[in-house]
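Student: For reference, the file query_5.txt (compact mmCIF, C-alpha atoms and all ligand atoms) is included below:
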```txt
# COMPACT_ATOMS: atom_id res chain seq x y z
CA MET A 755 6.46 -29.57 2.24
CA SER A 756 6.85 -27.82 5.59
CA GLN A 757 9.75 -29.92 6.95
CA SER A 758 12.05 -26.99 7.66
CA ILE A 759 9.21 -24.75 8.89
CA PRO A 760 8.65 -24.71 12.65
CA GLU A 761 5.15 -25.54 13.92
CA PHE A 762 4.86 -22.03 15.41
CA PHE A 763 6.66 -18.83 14.41
CA PRO A 764 6.36 -15.09 15.21
CA ALA A 765 4.21 -12.71 13.16
CA PHE A 766 2.90 -9.17 13.75
CA ARG A 767 -0.83 -9.88 13.57
CA ILE A 768 -3.53 -7.22 13.18
CA HIS A 769 -7.04 -7.91 14.49
CA ALA A 770 -9.71 -5.81 12.80
CA ALA A 771 -13.07 -7.57 13.04
CA ASP A 772 -15.71 -4.84 13.66
CA GLY A 773 -13.02 -2.16 13.81
CA PHE A 774 -9.43 -2.19 15.04
CA GLN A 775 -8.99 -4.55 18.00
CA GLY A 776 -5.20 -4.41 18.39
CA ALA A 777 -1.98 -5.64 16.82
CA ALA A 778 1.05 -7.41 18.31
CA VAL A 779 3.66 -10.09 17.71
CA GLU A 780 2.02 -13.51 18.16
CA GLN A 781 3.03 -17.12 17.59
CA ILE A 782 1.14 -18.44 14.58
CA SER A 783 1.24 -21.57 12.42
CA LEU A 784 1.45 -22.08 8.67
CA ASP A 785 -2.18 -23.19 8.39
CA GLN A 786 -3.29 -19.73 9.64
CA LEU A 787 -1.78 -18.07 6.55
CA GLY A 788 -3.72 -17.21 3.38
CA LEU A 789 -3.39 -19.65 0.50
CA GLY A 790 -0.72 -19.55 -2.21
CA GLU A 791 1.63 -21.83 -4.14
CA VAL A 792 4.86 -20.54 -2.64
CA VAL A 793 6.06 -20.53 0.98
CA LEU A 794 8.99 -18.31 1.81
CA GLU A 795 11.15 -17.47 4.75
CA VAL A 796 10.87 -13.70 5.03
CA GLU A 797 14.14 -11.84 5.63
CA TYR A 798 13.15 -8.18 5.35
CA SER A 799 10.04 -6.04 5.12
CA SER A 800 9.57 -2.29 5.58
CA VAL A 801 7.31 0.37 7.09
CA ASN A 802 5.09 2.26 4.66
CA PHE A 803 2.40 4.87 5.35
CA LYS A 804 -0.24 2.21 4.68
CA ASP A 805 1.45 -0.20 7.12
CA ALA A 806 1.38 2.49 9.80
CA LEU A 807 -2.33 3.14 9.20
CA ALA A 808 -3.15 -0.60 9.28
CA GLY A 809 -0.98 -1.52 12.27
CA SER A 810 -2.00 1.43 14.44
CA GLY A 811 -5.71 1.26 13.62
CA LYS A 812 -5.60 4.85 12.29
CA GLY A 813 -6.81 3.72 8.87
CA LYS A 814 -9.05 0.91 7.67
CA ILE A 815 -6.74 -1.07 5.42
CA LEU A 816 -7.57 -4.73 6.22
CA ARG A 817 -10.51 -6.22 4.37
CA LEU A 818 -10.43 -9.43 6.44
CA PRO A 819 -10.97 -9.78 10.23
CA GLU A 820 -7.29 -10.54 10.92
CA LEU A 821 -4.06 -10.62 8.94
CA ASN A 822 -0.31 -10.35 9.32
CA GLY A 823 0.73 -6.76 8.54
CA GLY A 824 3.38 -5.68 6.03
CA ILE A 825 2.68 -4.71 2.41
CA ASP A 826 6.30 -5.52 1.43
CA LEU A 827 8.39 -8.66 1.80
CA ALA A 828 11.60 -10.21 0.51
CA GLY A 829 13.03 -13.60 1.34
CA THR A 830 13.90 -17.12 0.21
CA VAL A 831 11.55 -19.72 -1.21
CA VAL A 832 11.36 -22.77 1.09
CA ALA A 833 8.57 -24.68 -0.69
CA SER A 834 6.86 -24.23 -4.04
CA GLU A 835 4.02 -25.84 -5.95
CA HIS A 836 4.64 -23.55 -8.94
CA ALA A 837 7.10 -24.29 -11.74
CA ASP A 838 8.45 -20.70 -11.84
CA PHE A 839 9.77 -20.80 -8.25
CA THR A 840 12.20 -23.25 -6.62
CA PRO A 841 13.48 -23.62 -3.03
CA GLY A 842 16.48 -21.40 -2.36
CA GLN A 843 15.37 -18.72 -4.84
CA LYS A 844 15.31 -15.08 -3.65
CA VAL A 845 12.03 -13.28 -4.32
CA LEU A 846 10.08 -10.16 -3.34
CA ALA A 847 6.47 -9.00 -3.32
CA ASN A 848 4.89 -5.59 -2.74
CA GLY A 849 1.29 -4.43 -2.59
CA SER A 850 -0.88 -6.89 -4.54
CA GLY A 851 -3.25 -7.36 -1.59
CA LEU A 852 -0.64 -8.02 1.13
CA SER A 853 -2.00 -6.84 4.49
CA GLU A 854 -5.30 -5.99 2.78
CA VAL A 855 -6.76 -9.34 1.70
CA HIS A 856 -3.77 -11.63 2.35
CA ASP A 857 -1.20 -12.13 5.13
CA GLY A 858 1.71 -9.73 4.70
CA GLY A 859 5.44 -9.64 5.30
CA TYR A 860 5.69 -9.06 9.07
CA SER A 861 6.06 -12.80 9.67
CA HIS A 862 8.94 -15.29 9.72
CA TYR A 863 7.12 -17.25 7.01
CA ALA A 864 4.70 -16.13 4.28
CA ARG A 865 2.58 -18.11 1.82
CA ILE A 866 2.03 -16.15 -1.38
CA PRO A 867 0.25 -16.70 -4.71
CA ALA A 868 2.99 -17.23 -7.32
CA GLU A 869 1.50 -14.54 -9.58
CA TRP A 870 2.32 -11.86 -6.97
CA LEU A 871 6.01 -12.80 -6.66
CA VAL A 872 8.86 -11.06 -8.43
CA PRO A 873 12.22 -12.90 -8.82
CA MET A 874 14.91 -10.82 -7.11
CA PRO A 875 16.35 -8.42 -9.74
CA ALA A 876 20.06 -8.93 -10.49
CA GLY A 877 21.30 -5.71 -8.86
CA LEU A 878 19.33 -6.08 -5.61
CA ASP A 879 19.34 -8.36 -2.57
CA THR A 880 16.60 -8.87 0.02
CA ARG A 881 17.90 -5.98 2.14
CA SER A 882 18.29 -3.35 -0.59
CA ALA A 883 14.99 -4.45 -2.18
CA MET A 884 13.19 -3.74 1.08
CA ILE A 885 14.90 -0.40 1.74
CA LEU A 886 13.33 0.43 -1.63
CA GLY A 887 10.09 -1.49 -0.95
CA THR A 888 6.76 0.00 -2.00
CA ALA A 889 8.20 3.52 -1.63
CA GLY A 890 11.06 2.97 -4.10
CA PHE A 891 8.80 1.01 -6.41
CA THR A 892 6.19 3.80 -6.39
CA ALA A 893 8.82 6.47 -7.01
CA ALA A 894 10.00 4.51 -10.06
CA LEU A 895 6.42 4.00 -11.23
CA ALA A 896 5.84 7.75 -10.93
CA VAL A 897 8.99 8.49 -12.95
CA GLN A 898 7.84 5.98 -15.58
CA ARG A 899 4.48 7.79 -15.79
CA LEU A 900 6.26 11.14 -16.31
CA LEU A 901 8.44 9.74 -19.08
CA ASP A 902 5.57 7.87 -20.75
CA ASN A 903 3.74 11.20 -20.95
CA HIS A 904 6.77 12.80 -22.64
CA GLN A 905 8.27 14.79 -19.76
CA GLN A 906 11.56 16.32 -20.98
CA VAL A 907 14.52 17.65 -19.01
CA GLU A 908 14.30 20.88 -21.06
CA GLN A 909 10.81 21.65 -19.68
CA GLY A 910 12.36 22.63 -16.35
CA PRO A 911 12.86 21.32 -12.82
CA ILE A 912 10.65 18.68 -11.25
CA VAL A 913 9.16 19.50 -7.84
CA ILE A 914 8.95 16.66 -5.33
CA THR A 915 6.76 17.24 -2.29
CA GLY A 916 7.00 15.32 0.99
CA ALA A 917 10.53 14.84 -0.28
CA SER A 918 12.17 13.50 2.89
CA GLY A 919 9.77 10.52 3.06
CA GLY A 920 10.24 7.14 1.41
CA VAL A 921 8.71 7.90 -1.99
CA GLY A 922 10.28 11.37 -2.06
CA SER A 923 13.80 10.16 -1.20
CA PHE A 924 13.84 7.73 -4.12
CA ALA A 925 12.05 10.08 -6.53
CA VAL A 926 14.79 12.69 -5.88
CA GLN A 927 17.50 10.13 -6.65
CA LEU A 928 15.89 8.60 -9.73
CA LEU A 929 15.09 11.90 -11.43
CA THR A 930 18.55 13.27 -10.65
CA GLN A 931 20.16 10.15 -12.12
CA LEU A 932 18.04 10.63 -15.27
CA GLY A 933 19.36 14.18 -15.69
CA PHE A 934 16.42 16.22 -14.35
CA ASP A 935 16.90 19.17 -12.00
CA VAL A 936 14.97 18.44 -8.81
CA ILE A 937 13.42 20.91 -6.36
CA ALA A 938 12.70 19.07 -3.12
CA MET A 939 9.92 20.47 -0.92
CA THR A 940 9.99 19.70 2.81
CA ARG A 941 8.61 21.23 5.99
CA LYS A 942 11.81 20.82 7.95
CA GLN A 943 15.15 22.61 7.79
CA GLU A 944 16.93 19.52 9.18
CA HIS A 945 16.14 17.57 5.97
CA HIS A 946 17.90 20.05 3.66
CA ALA A 947 21.41 18.54 3.75
CA TYR A 948 19.99 15.00 3.34
CA LEU A 949 17.94 16.00 0.28
CA ARG A 950 20.89 17.79 -1.31
CA SER A 951 23.05 14.70 -0.68
CA LEU A 952 20.48 12.63 -2.64
CA GLY A 953 20.81 15.00 -5.59
CA ALA A 954 18.25 17.81 -5.10
CA GLN A 955 19.47 21.02 -6.75
CA ASP A 956 17.30 23.16 -4.53
CA VAL A 957 15.37 22.53 -1.30
CA ARG A 958 12.39 24.69 -0.35
CA HIS A 959 9.63 24.85 2.24
CA SER A 960 6.36 23.07 1.35
CA ASP A 961 4.45 26.21 2.45
CA GLU A 962 5.52 27.80 -0.84
CA LEU A 963 2.74 25.72 -2.42
CA LYS A 964 -0.29 27.31 -0.80
CA SER A 965 -3.96 27.33 -1.61
CA ASP A 966 -4.79 30.24 -3.92
CA ALA A 967 -8.15 31.23 -5.36
CA SER A 968 -6.64 32.27 -8.74
CA PRO A 969 -7.52 29.90 -11.58
CA MET A 970 -3.87 29.88 -12.69
CA LEU A 971 -0.51 30.95 -11.23
CA LYS A 972 2.84 31.86 -12.82
CA GLY A 973 4.28 28.75 -14.53
CA GLN A 974 7.42 27.82 -12.57
CA TRP A 975 8.04 24.06 -12.66
CA GLY A 976 8.57 21.56 -15.45
CA GLY A 977 6.55 18.91 -13.62
CA ALA A 978 6.01 17.36 -10.19
CA ILE A 979 5.70 14.22 -8.10
CA ASP A 980 3.28 14.98 -5.29
CA ASN A 981 3.04 12.99 -2.06
CA LEU A 982 0.77 15.43 -0.23
CA GLY A 983 -2.47 16.10 -2.17
CA GLY A 984 -4.97 18.79 -1.04
CA ASP A 985 -3.93 22.43 -1.45
CA VAL A 986 -0.39 21.44 -2.43
CA LEU A 987 -1.57 19.45 -5.45
CA ALA A 988 -4.01 22.24 -6.35
CA SER A 989 -1.20 24.79 -6.24
CA LEU A 990 1.08 22.56 -8.33
CA SER A 991 -1.62 22.10 -10.97
CA LYS A 992 -1.79 25.89 -11.39
CA SER A 993 1.97 26.54 -11.43
CA VAL A 994 3.39 23.85 -13.75
CA LYS A 995 4.58 25.15 -17.12
CA PRO A 996 2.91 24.18 -20.45
CA TRP A 997 2.74 20.44 -21.18
CA GLY A 998 4.14 19.57 -17.76
CA ASN A 999 3.04 16.46 -15.89
CA ILE A 1000 2.18 16.03 -12.22
CA VAL A 1001 2.07 12.54 -10.74
CA SER A 1002 -0.33 12.35 -7.81
CA VAL A 1003 1.14 9.69 -5.51
CA GLY A 1004 -0.05 10.45 -2.00
CA MET A 1005 -2.38 12.30 0.28
CA ALA A 1006 -0.25 12.87 3.38
CA ALA A 1007 -1.79 16.37 3.68
CA GLY A 1008 -5.25 15.94 2.15
CA VAL A 1009 -7.54 13.92 -0.11
CA GLU A 1010 -9.40 16.83 -1.72
CA LEU A 1011 -8.42 18.47 -4.98
CA ASN A 1012 -9.82 21.95 -5.50
CA THR A 1013 -8.37 23.46 -8.67
CA SER A 1014 -9.56 25.03 -11.94
CA THR A 1015 -9.74 23.68 -15.48
CA MET A 1016 -7.59 26.54 -16.84
CA PRO A 1017 -4.15 24.83 -16.53
CA PHE A 1018 -5.46 21.79 -18.41
CA ILE A 1019 -7.10 23.78 -21.18
CA LEU A 1020 -4.63 26.66 -21.59
CA ARG A 1021 -1.36 24.92 -20.70
CA GLY A 1022 -1.95 21.25 -21.54
CA VAL A 1023 -0.96 20.25 -18.01
CA SER A 1024 -1.65 16.61 -17.00
CA ILE A 1025 -2.28 15.06 -13.61
CA LEU A 1026 -1.36 11.37 -13.71
CA GLY A 1027 -2.23 8.72 -11.12
CA VAL A 1028 -0.23 5.77 -9.81
CA THR A 1029 -1.32 2.84 -7.71
CA SER A 1030 1.39 0.51 -6.50
CA ALA A 1031 -0.96 -1.99 -4.84
CA ALA A 1032 -2.99 -2.71 -7.96
CA CYS A 1033 -0.17 -2.34 -10.49
CA PRO A 1034 -0.45 -4.87 -13.35
CA GLN A 1035 2.11 -7.63 -12.72
CA ALA A 1036 3.93 -7.26 -16.06
CA LEU A 1037 4.53 -3.55 -15.32
CA ARG A 1038 5.48 -4.38 -11.69
CA LYS A 1039 8.15 -6.83 -12.90
CA SER A 1040 9.53 -4.42 -15.48
CA ILE A 1041 9.77 -1.58 -12.91
CA TRP A 1042 11.61 -3.87 -10.44
CA GLN A 1043 13.97 -4.97 -13.24
CA ARG A 1044 14.79 -1.31 -13.92
CA LEU A 1045 15.33 -0.65 -10.19
CA GLY A 1046 17.86 -3.49 -10.20
CA SER A 1047 19.65 -2.36 -13.36
CA ASP A 1048 19.62 0.92 -15.34
CA TRP A 1049 17.60 2.82 -12.68
CA LEU A 1050 19.40 1.32 -9.67
CA PRO A 1051 19.39 4.16 -7.10
CA GLN A 1052 22.98 5.00 -6.21
CA LYS A 1053 22.25 5.87 -2.57
CA ILE A 1054 19.92 3.17 -1.30
CA GLU A 1055 21.63 2.77 2.09
CA ALA A 1056 21.51 6.52 2.73
CA VAL A 1057 17.70 6.26 2.76
CA CYS A 1058 17.68 3.57 5.47
CA ALA A 1059 16.89 5.56 8.63
CA ALA A 1060 16.64 2.55 10.96
CA GLU A 1061 16.63 -1.22 10.99
CA ILE A 1062 13.97 -2.47 13.39
CA SER A 1063 12.53 -5.77 14.66
CA LEU A 1064 8.89 -6.94 14.58
CA GLN A 1065 8.58 -5.93 18.25
CA GLU A 1066 9.54 -2.34 17.42
CA LEU A 1067 6.79 -1.87 14.80
CA PRO A 1068 4.29 0.09 16.97
CA GLN A 1069 6.86 2.81 17.75
CA ALA A 1070 7.89 2.86 14.08
CA PHE A 1071 4.26 3.43 13.02
CA ASP A 1072 3.90 6.33 15.47
CA ALA A 1073 7.10 7.96 14.27
CA LEU A 1074 6.02 7.71 10.62
CA LEU A 1075 2.51 9.04 11.22
CA GLN A 1076 3.94 11.97 13.21
CA GLY A 1077 6.22 12.84 10.26
CA GLN A 1078 9.38 12.17 12.28
CA VAL A 1079 11.06 9.75 9.86
CA GLN A 1080 13.62 10.86 7.31
CA GLY A 1081 13.78 8.14 4.62
CA ARG A 1082 12.69 4.56 5.31
CA GLN A 1083 12.46 2.16 8.23
CA LEU A 1084 13.65 -1.34 7.28
CA VAL A 1085 12.19 -4.32 9.15
CA ARG A 1086 14.61 -7.19 9.84
CA VAL A 1087 12.01 -9.90 10.23
CA LYS A 1088 14.19 -12.56 11.86
CA SER A 1089 16.41 -11.24 14.63
N1 LIG A 1101 -0.21 5.78 -4.94
C1 LIG A 1101 0.48 4.77 -4.40
O1 LIG A 1101 0.49 3.65 -4.88
C2 LIG A 1101 1.28 5.03 -3.16
C3 LIG A 1101 2.37 4.21 -2.84
C4 LIG A 1101 3.15 4.54 -1.73
C5 LIG A 1101 2.82 5.62 -0.95
N2 LIG A 1101 1.72 6.34 -1.27
C6 LIG A 1101 1.34 7.52 -0.49
O2 LIG A 1101 2.31 8.52 -0.79
C7 LIG A 1101 2.57 9.32 0.36
C8 LIG A 1101 4.05 9.26 0.68
O3 LIG A 1101 4.41 7.94 1.02
P1 LIG A 1101 5.78 7.69 1.79
O4 LIG A 1101 5.96 6.23 1.93
O5 LIG A 1101 6.85 8.51 1.17
O6 LIG A 1101 5.37 8.33 3.22
P2 LIG A 1101 6.34 9.01 4.30
O7 LIG A 1101 7.64 8.29 4.32
O8 LIG A 1101 5.55 9.13 5.53
O9 LIG A 1101 6.61 10.45 3.66
C9 LIG A 1101 5.61 11.43 3.56
C10 LIG A 1101 6.28 12.79 3.71
O10 LIG A 1101 5.29 13.78 3.52
C11 LIG A 1101 5.51 14.89 4.40
N3 LIG A 1101 4.31 15.06 5.22
C12 LIG A 1101 3.72 14.13 6.02
N4 LIG A 1101 2.62 14.62 6.58
C13 LIG A 1101 2.48 15.89 6.11
C14 LIG A 1101 1.53 16.92 6.32
N5 LIG A 1101 0.49 16.72 7.13
N6 LIG A 1101 1.70 18.08 5.68
C15 LIG A 1101 2.74 18.26 4.85
N7 LIG A 1101 3.69 17.32 4.64
C16 LIG A 1101 3.55 16.16 5.24
C17 LIG A 1101 6.75 14.55 5.20
O11 LIG A 1101 7.84 15.12 4.49
P3 LIG A 1101 8.63 16.42 5.01
O12 LIG A 1101 8.91 16.17 6.48
O13 LIG A 1101 9.83 16.42 4.14
O14 LIG A 1101 7.76 17.59 4.80
C18 LIG A 1101 6.84 13.04 5.10
O15 LIG A 1101 8.15 12.59 5.23
C19 LIG A 1101 1.65 8.77 1.45
O16 LIG A 1101 0.44 9.52 1.45
C20 LIG A 1101 1.39 7.35 1.01
O17 LIG A 1101 0.17 6.84 1.52
C21 LIG A 1101 0.96 6.09 -2.36
```
Give the structure from the file, written as structure tokens.
Ligand SMILES: NC(=O)c1ccc[n+]([C@@H]2O[C@H](COP(=O)([O-])OP(=O)(O)OC[C@H]3O[C@@H](n4cnc5c(N)ncnc54)[C@H](OP(=O)(O)O)[C@@H]3O)[C@@H](O)[C@H]2O)c1
Tutor:
Amino acid sequence: MSQSIPEFFPAFRIHAADGFQGAAVEQISLDQLGLGEVVLEVEYSSVNFKDALAGSGKGKILRLPELNGGIDLAGTVVASEHADFTPGQKVLANGSGLSEVHDGGYSHYARIPAEWLVPMPAGLDTRSAMILGTAGFTAALAVQRLLDNHQQVEQGPIVITGASGGVGSFAVQLLTQLGFDVIAMTRKQEHHAYLRSLGAQDVRHSDELKSDASPMLKGQWGGAIDNLGGDVLASLSKSVKPWGNIVSVGMAAGVELNTSTMPFILRGVSILGVTSAACPQALRKSIWQRLGSDWLPQKIEAVCAAEISLQELPQAFDALLQGQVQGRQLVRVKS
């Protein structure tokens, strides 16, 4: 089964027994990996907010004493004990317990339960799939949630907060491609041209969405995809027009939500959740199929800020956590 797999290979391993003990590239062997029916040679992974928290020790993400990091992976099957997957096939996985309860994608080889794997969608390859990664997947999931709850173009523009990040960059593209007007919110002037190039009609400062004690504010937006949480989400909930939807994706600026019931009762506003890690597999596959076909983002490469190696992960985590990254950092697993 492991004929073509070297006895030892590099992986970015996180040690977290009794708190964070450190993380670095180490030589590991196949028998150190979590169990699964499919072994693959990983080609690309990516850097997500959760990866940065796990790999830097700034957040408690691992639920086992040690694991390979990386919540995303894409590569080629090298051995399979499951009828749905054959050697040579291109596959991807995201979330589903990677780097939480199972070894993730920052490793030359990964062993994955077949039920977590997604066959590579027709319009994507391992590289483009990982520029998208969990961020692109979550943006698409958020758009799906908006549409499922009857969001219409005619209701007005959709606000996207934390717009220059991974989720934001793809949310801007997807909504623009679907005909919505997008208002991108960012803290930095230098992101304006980038966000307009992805399709945003207007770019504004995130400070426009401030905490306010009023139970309701003037209705301005058709809906929103929020990556920030806290006061920003509270402000959005009070300023979305009647029957608008807000998808709460992230908490880059806060975990609290201090709002009033008035927008829900008097305007029919909805706040919808998404969770990419625990997404049901049938929905996960259908979202990836859309990302590789009718929802294929037209500017995937424009979102790729850097292509890095496993050795460069610690600096990449720092940059992401300090809000210095525009778009996504792609990890080329094998140099
Ligand atoms: N629910 C899910 O399943 C799911 C999936 C993926 C990600 N997430 C979460 O969604 C959020 C976005 O993920 P991502 O991958 O897009 O992260 P990211 O690439 O780091 O982007 C987050 C963006 O938020 C803005 N930001 C960061 N810190 C901020 C702060 N303290 N105050 C105001 N703005 C801040 C920055 O945008 P500007 O510089 O443009 O202001 C940054 O680019 C994260 O919280 C992540 O954990 C959730």
Student: Need to verify the contact set: segment 918-925 of chain A, 7 Å, only C-alpha atoms, exclusion of same-chain residues closer than 2 positions in sequence. Can you return it as a ChimeraX atom specification?
Tutor: /A:889-890,892-894,914-916,927-929,940,945,949,1057,1079-1082
Student: List the neighbours of Val832 of chain A out to 7 Å using all atoms listed in the file; skip same-chain residues closer than 5 positions along the sequence, and give me the result as a ChimeraX atom specification.
Tutor: /A:793-795,841-842
Student: Determine, counting only C-alpha atoms, which protein, DNA and RNA residues have an atom within 9 Å of an atom of Ser850 of chain A; residues of the same chain fewer than 6 positions away are not included. Present the result as a list in words.
Tutor: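 Those residues are Ile825, His856, Trp870, Ser1030, Ala1031, Ala1032, Cys1033 and Gln1035 of chain A.
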Student: With 5 Å of padding per side, what axis-aligned box (centre and edge lengths, Å, one decimal) covers all the listed atoms of ligand LIG 1101 (chain A)? Give it as AutoDock Vina command-line options.
Tutor:
```
--center_x 4.8 --center_y 11.0 --center_z 1.1 --size_x 20.0 --size_y 24.6 --size_z 22.1
```
Student: To one decimal in Å, tell me the separation between atom O7 of ligand LIG 1101 (chain A) and atom CA of Gly1077 of chain A.
Tutor: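 Computing the Euclidean distance for atom O7 of ligand LIG 1101 (chain A) and atom CA of Gly1077 of chain A yields 7.6 Å.
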Student: Pick from A:Ala1036, A:Val1023, A:Leu932, A:Val926: nearest to ligand LIG 1101 (chain A), with all atoms listed in the file counted?
Tutor: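 Of all the options, A:Val926 lies closest to ligand LIG 1101 (chain A).
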Student: Taking only C-alpha atoms and all ligand atoms into account, which of A:Phe774, A:Phe1071, A:Phe803, A:Phe762 comes nearest ligand LIG 1101 (chain A)?
Tutor: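 That would be A:Phe803, the residue with the smallest distance to ligand LIG 1101 (chain A).
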Student: Here is a test: counting only C-alpha atoms, which residue of A:Ala1060, A:Leu1050, A:Leu852, A:Met874 is nearest to Leu789 of chain A?
Tutor: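 When distances to Leu789 of chain A are compared using only C-alpha atoms, the smallest one comes from A:Leu852.
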Student: With distances taken over only C-alpha atoms and all ligand atoms, which residue among A:Phe934, A:Phe763, A:Tyr860, A:Tyr948 lies nearest ligand LIG 1101 (chain A)?
Tutor: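 Closest candidate: A:Tyr948.
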Student: At a cut-off of 12 Å, using only C-alpha atoms, what residues contact Asp772 of chain A? Leave out same-chain residues fewer than 5 positions from it and give the result as a PyMOL selection string.
Tutor: chain A and resi 811+814+816-820
Student: Using all atoms listed in the file, which residue out of A:Tyr798, A:Phe766, A:Phe891, A:Tyr863 lies closest to ligand LIG 1101 (chain A)?
Tutor: A:Phe891
Student: With a distance cut-off of 9 Å and all atoms listed in the file, select the neighbouring residues of Thr930 of chain A, excluding the residue or stretch itself and same-chain residues fewer than 6 positions from it, and output the selection as a ChimeraX atom specification.
Tutor: /A:936,952-955
Student: Would you please work out which residue, of A:Pro760, A:Gly1004, A:Gly824, A:Gly998, is nearest to Ile912 of chain A when using all atoms listed in the file?
Tutor: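 Of A:Pro760, A:Gly1004, A:Gly824, A:Gly998, the one nearest Ile912 of chain A, counting all atoms listed in the file, is A:Gly998.
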Student: How many Å separate atom CA of Val957 of chain A from atom CA of Asn999 of chain A?
Tutor: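 Distance between the two atoms: 20.0 Å.
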Student: Write out N, CA and C atoms for segment 866-879 of chain A, as a compact mmCIF listing (two decimals), keeping the file's coordinate frame.
Tutor:
```
# COMPACT_ATOMS: atom_id res chain seq x y z
N ILE A 866 2.41 -17.19 -0.42
CA ILE A 866 2.03 -16.15 -1.38
C ILE A 866 1.62 -16.77 -2.72
N PRO A 867 0.56 -16.26 -3.34
CA PRO A 867 0.25 -16.70 -4.71
C PRO A 867 1.43 -16.40 -5.64
N ALA A 868 1.80 -17.39 -6.46
CA ALA A 868 2.99 -17.23 -7.32
C ALA A 868 2.87 -15.99 -8.22
N GLU A 869 1.66 -15.67 -8.64
CA GLU A 869 1.50 -14.54 -9.58
C GLU A 869 1.85 -13.19 -8.95
N TRP A 870 1.94 -13.12 -7.62
CA TRP A 870 2.32 -11.86 -6.97
C TRP A 870 3.83 -11.72 -6.79
N LEU A 871 4.57 -12.81 -6.97
CA LEU A 871 6.01 -12.80 -6.66
C LEU A 871 6.83 -12.26 -7.82
N VAL A 872 7.91 -11.59 -7.46
CA VAL A 872 8.86 -11.06 -8.43
C VAL A 872 10.22 -11.70 -8.11
N PRO A 873 10.86 -12.39 -9.08
CA PRO A 873 12.22 -12.90 -8.82
C PRO A 873 13.13 -11.73 -8.48
N MET A 874 14.05 -11.93 -7.53
CA MET A 874 14.91 -10.82 -7.11
C MET A 874 15.71 -10.28 -8.32
N PRO A 875 15.58 -8.98 -8.62
CA PRO A 875 16.35 -8.42 -9.74
C PRO A 875 17.85 -8.54 -9.49
N ALA A 876 18.62 -8.63 -10.57
CA ALA A 876 20.06 -8.93 -10.49
C ALA A 876 20.82 -7.97 -9.57
N GLY A 877 20.51 -6.69 -9.61
CA GLY A 877 21.30 -5.71 -8.86
C GLY A 877 20.86 -5.49 -7.42
N LEU A 878 19.86 -6.27 -6.97
CA LEU A 878 19.33 -6.08 -5.61
C LEU A 878 19.47 -7.36 -4.79
N ASP A 879 19.47 -7.20 -3.46
CA ASP A 879 19.34 -8.36 -2.57
C ASP A 879 18.13 -8.10 -1.67
```
